[in-house]
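Undergrad: Quick one: structure below, then a few questions.
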Amino acid sequence: MLSQLREIVEQVSKVEDVHQALDLLVKHTCDAMHTECCTVYLSNEEMQRLELMATQGLRFKGDKIHIQFSQGLVGLVKRSAEPLNLAEASKHPNYKYFSALGEEVYHSFLGTPIIYRKQVLGVLVVQQKTPRQFTEMEESFLVTLAAQLAVIIAHAQAQGNWSLEKKQQSIKGIPASSGVAIGEFWWDNTQPDLADVYPASAIDVEQEQEWLLLAIEQALADFKRLRKKFDSEINKDTLAIFDLFTHLLNDPMLRNDLKAQIQKGDRADWALRQVVESYSNRFARMSDVYLRERAQDIKELGQRLLFFLHNTEKEQIYFDKPVILVVRELTATLLASVPKEQLLAVISLEGAANSHAAILSRALGIPAVMGVNLNLDSIHGKSGIVDGYSGEILVSPSQQLRKEYQALADEERELSRMVNDRIEQPACTQDDVRVEVMLNAGLSADTNISVNQGVDGVGLYRTEISFLLQHRFPSEDEQVQLYRSVLEAYPDKPVVMRTLDVGGDKALPYLPIEEDNPFLGWRGIRFTLDHPDIFLMQIRAMMKASAKHGNLRILLPMVSGAKELDDALELIERAYLEIEAVDKSIKMPELGVMVEVPSMLYLLPLIAEKIDFVSVGTNDLTQYLLAVDRNNARVADVYESMHPAVVMALQHIHQTCEKLKLPVCICGELAGDPIGAMLMVGLGYRSLSMNTSNVAKVKYLLRHTRVEELKELAEQALVQPYGDSIYGMMSDYFENKGFAGFIRAGKK
């Protein structure tokens with residue numbers, strides 16, 4: 001039956017029309033199972049009913065047959081989400097005869113739900129006149145067929161096909177940059193694609209080398225131009241993508257690898273594809289979201305070089321009017337090359353919310369939705385709406401919808417002006433409670449003046465980037481220069497630098513590591529303690545860089561036990577003595593640990609005297625507490641940042657630190673999320689570290705909130721058994737306070 005199953009699925013998946021596809025399914029299923037009747041019902045959640053879509057064996061009267069979710073055996077299968085196998089269907093208490101079907105009496109009944117990611121999309125039923133129990137093999141066949149059918153239906157519905165309700169066509173993607181846009185879709189199919197480059201041999205190797213060198217020089221000039229274009233508009237942390245591209249293009253390792261590939265006899269564009277894919281795959285295997293998405297940056301660099309390999313002029317895109325730009329893959333360079341006033345929003349078939357294109361979209365204030373499934377040919381030129389909050393895209397919306405979203409867009413602009421109005425003022429609640437708002441820095445510290453005025457320092461600076469993007473360990477002097485530039489950007493504010501957090505899944509290109517379970521492997525402090533030479537060099541570089549302003553704080557990642565901390569402290573003391581012997585002005589910086597491994601929840605009282613502060617990494621802490629890979633799409637719904645256990649763990653950490661008089665800061669994604677930030681303050685946290693884009697919003701919310709209210713919400717959250725309940729409770733609070741515009745489109 002396996003071959004029959006495969007054949008049915010293949011034939012059904014090739015047919016675009018829902019009715020034809022399902023007619024084919026029921027016919028072939030009857031043949032395969034030797035039954036007299038097969039019927040497919042699809043769920044209409046809006047109407048709370050199952051609609052008969054195709055049948056072989058029933059002769060119904062009228063145009064449509066509807067079965068309410070609460071009715072009959074088919075309704076029971078939908079409600080229970082379990083198969084139902086009956087030899088005598090009419091004897092079951094839920095049996096109901098539907099006269100509209102005009103059916104002969106079928107005694108045997110086997111029904112199975114069509115389930116996709118916990119949602120029952122419909123019910124698949126086979127029936128037979130002769131009373132008999134369907135065999136276990138037959139039941140297994142139908143369940144497997146329903147599972148395969150669920151994937152086909154879900155994919156088709158995501159593309160706007162197979163829709164039961166006659167409602168507005170809506171397409172869902174990943175919200176990457178908030179905001180609302182209304183306009184015309186414009187599909188850009190002019191961008192070169194590395195995937196379309198195929199093996200080709202060089203006729204003249206020297207000419208290919210010159211061709212490549214010219215493309216690199218043109219790309220370098222273009223990155224310089226684009227960076228200069230935005231230098232006064234966008235914060236430096238966002239602009240760092242162009243610095244990264246320039247750094248990579250000047251890196252001898254990349255150039256040598258490209259030249260070596262051409263020297264083997266490959267044409268320049270084919271050599272480029274091979275080298276870029278090799279570099280990109282290295283990052284793509286990392287579990288850290290931020291670092292894994294740097295694979296996209298490498299691919300973008302490759303795309304840009306490919307463009308200059310085939311074009312001698314700079315790329316220019318012009319539109320007659322502002323448009324919603326639709327691309328296969330959005331890149332920061334493409335986004336930067338289009339005048340901002342011509343872009344209403346951007347939609348990308350590929351990409352993620354933390355890609356640099358998404359970061360640049362947020363910095364420019366352009367709504368963006370990534371990872372969208374749609375038919376490019378059918379959308380071009382049509383009018384539409386983009387909701388950057390929900391990731392929803394509406395195609396050819398009604399006049400009423402356009403009017404509603406226009407009002408939301410107007411409210412958006414008003415909200416943006418409102419939250420940025422007093423960004424430089426401290427975050428102080430209505431009942432005079434001061435909350436520190438710190439910055440999470442990525443490729444470089446953010447040196448934009450307005451943001452400097454708006455934050456109380458850097459709560460997390462990732463130092464591993466400079467290690468990951470080189471072909472060797474950076475020297476001590478190179479590290480000193482980098483760290484000094486960061487520390488000098490905040491001369492009178494603390495800067496928390498996390499020591500090298502690589503190993504396991506974040507393997508250095510010049511020190512590959514392969515492990516069965518990188519999440520629980522050789523990473524963070526475990527790696528650096530096994531390489532004391534690297535650790536000592538980094539600590540010395542940090543201390544030297546901080547000599548002038550003395551604003552450095554050192555943070556140790558992935559600490560899981562007291563022995564690791566003791567070993568790290570011993571090396572830090574050694575580094576300090578080495579530097580202090582040469583420069584008496586050097587001061588020992590404050591030292592802290594990241595609480596991201598659950599064991600630290602219980603060890604804090606035992607190590608409190610050895611550290612000066614604590615930072616809570618909510619992303620990894622949540623992952624380890626719930627035993628769920630937050631990057632695995634199959635269990636994405638299990639990863640809940642507001643899971644009751646996570647909230648209780650965060651309360652425990654705060655209470656412990658308060659008792660021990662240890663300063664504590666939240667530096668995960670939760671700190672920058674409007675709802676998460678308010679909940680953390682309610683739990684007692686008074687220091688939050690977040691990405692630049694969230695600073696103004698969080699500060700505004702804090703200024704218009706009373707801590708007493710947030711404490712009451714936190715107390716309620718601590719007795720909720722479900723994460724959804726906590727989120728719903730917080731959402732209601734935002735609605736009642738007039739803060740709804742911070743979590744959805746609009747202002748009110």
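Following the order of the structure tokens, chains are lettered A, B, ..., residues in each are numbered from 1, and ligands are numbered from 1.
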Tell me which protein, DNA and RNA residues are within 6 Å of A:Leu110, counting only C-alpha atoms, leaving out same-chain ones fewer than 5 positions away, and put them as a PyMOL selection string.
TA: chain A and resi 84-85+125-126
Undergrad: Residues at most 10 Å from A:Thr35, counting only C-alpha atoms, excluding those fewer than 5 positions away in the same chain, as number ranges by chain?
TA: A: 27, 29-30, 56-57, 108, 126-130
Undergrad: Considering only C-alpha atoms, return as a list in words whatever protein or nucleic-acid residues lie within 9 Å of A:Val664, sequence-local ones (same chain, fewer than 6 positions apart) excluded.
TA: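 So, after excluding close chain neighbours, the residues are Phe613, Val614, Ser615, Val616, Ile653, His654, Cys657, Glu658, Tyr685, Arg686 and Ser687 of chain A.
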Undergrad: Would you mind telling me which residue in A:Arg472, A:Lys264, A:Arg574, A:Lys661 lies nearest to A:Ile611 when using only C-alpha atoms?
TA: A:Lys661
Undergrad: Check the DSSP output for the backbone and give back, as a VMD selection string, the residues of stretch 78-285 of chain A in alpha helix (DSSP H).
TA: chain A and resid 78 to 80 136 to 158 205 to 230 236 to 250 252 to 263 268 to 284
Undergrad: What gap, in Å, lies between atom CA of A:Glu10 and atom CA of A:Leu25?
TA: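 Those two atoms sit 10.2 Å apart.
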Undergrad: Do you know which residues are at most 10 Å from A:Ile607 counting only C-alpha atoms, after dropping those on the same chain fewer than 2 positions away, and could you put them as JSON, numbers by chain?
TA: {"A": [561, 562, 565, 566, 593, 600, 603, 604, 605, 609, 610, 611]}
Undergrad: Keeping only N, CA and C atoms, write the selected residues as a short mmCIF file (atom, residue, chain, number, x, y, z; two decimals), in the first residue's frame.
TA:
```cif
data_model
loop_
_atom_site.label_atom_id
_atom_site.label_comp_id
_atom_site.auth_asym_id
_atom_site.auth_seq_id
_atom_site.Cartn_x
_atom_site.Cartn_y
_atom_site.Cartn_z
N GLY A 561 28.90 26.05 36.75
CA GLY A 561 29.35 25.56 38.04
C GLY A 561 30.38 26.46 38.68
N ALA A 562 30.58 26.30 39.99
CA ALA A 562 31.51 27.13 40.75
C ALA A 562 32.96 26.93 40.30
N LEU A 565 33.82 29.10 37.37
CA LEU A 565 33.99 30.49 37.81
C LEU A 565 35.34 30.68 38.49
N ASP A 566 35.72 29.75 39.38
CA ASP A 566 37.00 29.85 40.07
C ASP A 566 38.17 29.87 39.08
N VAL A 593 28.48 37.14 35.91
CA VAL A 593 28.19 35.89 35.18
C VAL A 593 26.82 35.99 34.52
N MET A 600 22.55 27.53 37.56
CA MET A 600 22.97 28.76 38.22
C MET A 600 21.88 29.35 39.12
N LEU A 603 22.95 28.02 42.38
CA LEU A 603 24.34 28.24 42.81
C LEU A 603 24.64 29.68 43.19
N LEU A 604 23.76 30.60 42.80
CA LEU A 604 24.04 32.02 43.05
C LEU A 604 24.44 32.33 44.51
N PRO A 605 23.74 31.78 45.51
CA PRO A 605 24.14 32.10 46.89
C PRO A 605 25.55 31.63 47.23
N GLU A 609 29.84 36.05 46.63
CA GLU A 609 30.97 36.84 47.12
C GLU A 609 32.07 36.98 46.07
N LYS A 610 32.01 36.16 45.03
CA LYS A 610 33.07 36.16 44.02
C LYS A 610 32.75 37.04 42.81
N ILE A 611 31.51 37.52 42.70
CA ILE A 611 31.10 38.30 41.53
C ILE A 611 30.50 39.64 41.95
#
```
Undergrad: From the set A:Leu149, A:Asp620, A:Tyr722, A:Met690, which residue has the shortest atom-to-atom contact distance to A:Arg6, counting only C-alpha atoms?
TA: A:Leu149
Undergrad: Identify, with DSSP run on backbone atoms, the residues in stretch 487-607 of chain A assigned to strand (DSSP E or B), and express the list as a list in words.
TA: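 Secondary structure check on stretch 487-607 of chain A, strand (DSSP E or B): Val495, Val496, Met497, Arg498, Gly503, Lys506, Leu508, Leu511, Leu552, Arg553, Ile554, Leu555, Leu556, Glu590, Leu591, Gly592, Val593, Met594 and Val595 of chain A.
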Undergrad: Measuring atom to atom with only C-alpha atoms, identify which of A:Ala696, A:Leu591, A:Val647, A:Ala156 is nearest to A:Lys14.
TA: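 The closest residue to A:Lys14 is A:Ala156.
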Undergrad: May I have the residues within 7 Å of stretch 245-255 of chain A as a list in words, using only C-alpha atoms and disregarding those fewer than 3 positions away in the same chain?
TA: Ile216, Leu220, Phe223, Ile241, Phe242, Leu258, Lys259, Leu301 and His471 of chain A
Undergrad: Applying 8 Å and only C-alpha atoms, which residues near A:Asn619 remain after dropping the ones on its own chain fewer than 5 positions away? List them as a ChimeraX atom specification.
TA: /A:596,641,668-670
Undergrad: Kindly save the residues from that selection, with C-alpha atoms included, as an mmCIF file, in the first residue's frame.
TA:
```
data_model
loop_
_atom_site.group_PDB
_atom_site.id
_atom_site.type_symbol
_atom_site.label_atom_id
_atom_site.label_comp_id
_atom_site.auth_asym_id
_atom_site.auth_seq_id
_atom_site.Cartn_x
_atom_site.Cartn_y
_atom_site.Cartn_z
ATOM 1 C CA GLU A 596 21.455 31.084 31.227
ATOM 2 C CA SER A 641 9.250 33.217 26.512
ATOM 3 C CA GLY A 668 17.622 38.677 26.421
ATOM 4 C CA GLU A 669 14.927 39.399 23.844
ATOM 5 C CA LEU A 670 12.357 39.590 26.644
#
```
Undergrad: Restricting the calculation to only C-alpha atoms: of A:Arg553, A:Lys697, A:Arg227, A:His643, which residue gets closest to A:Ser416?
TA: A:Lys697
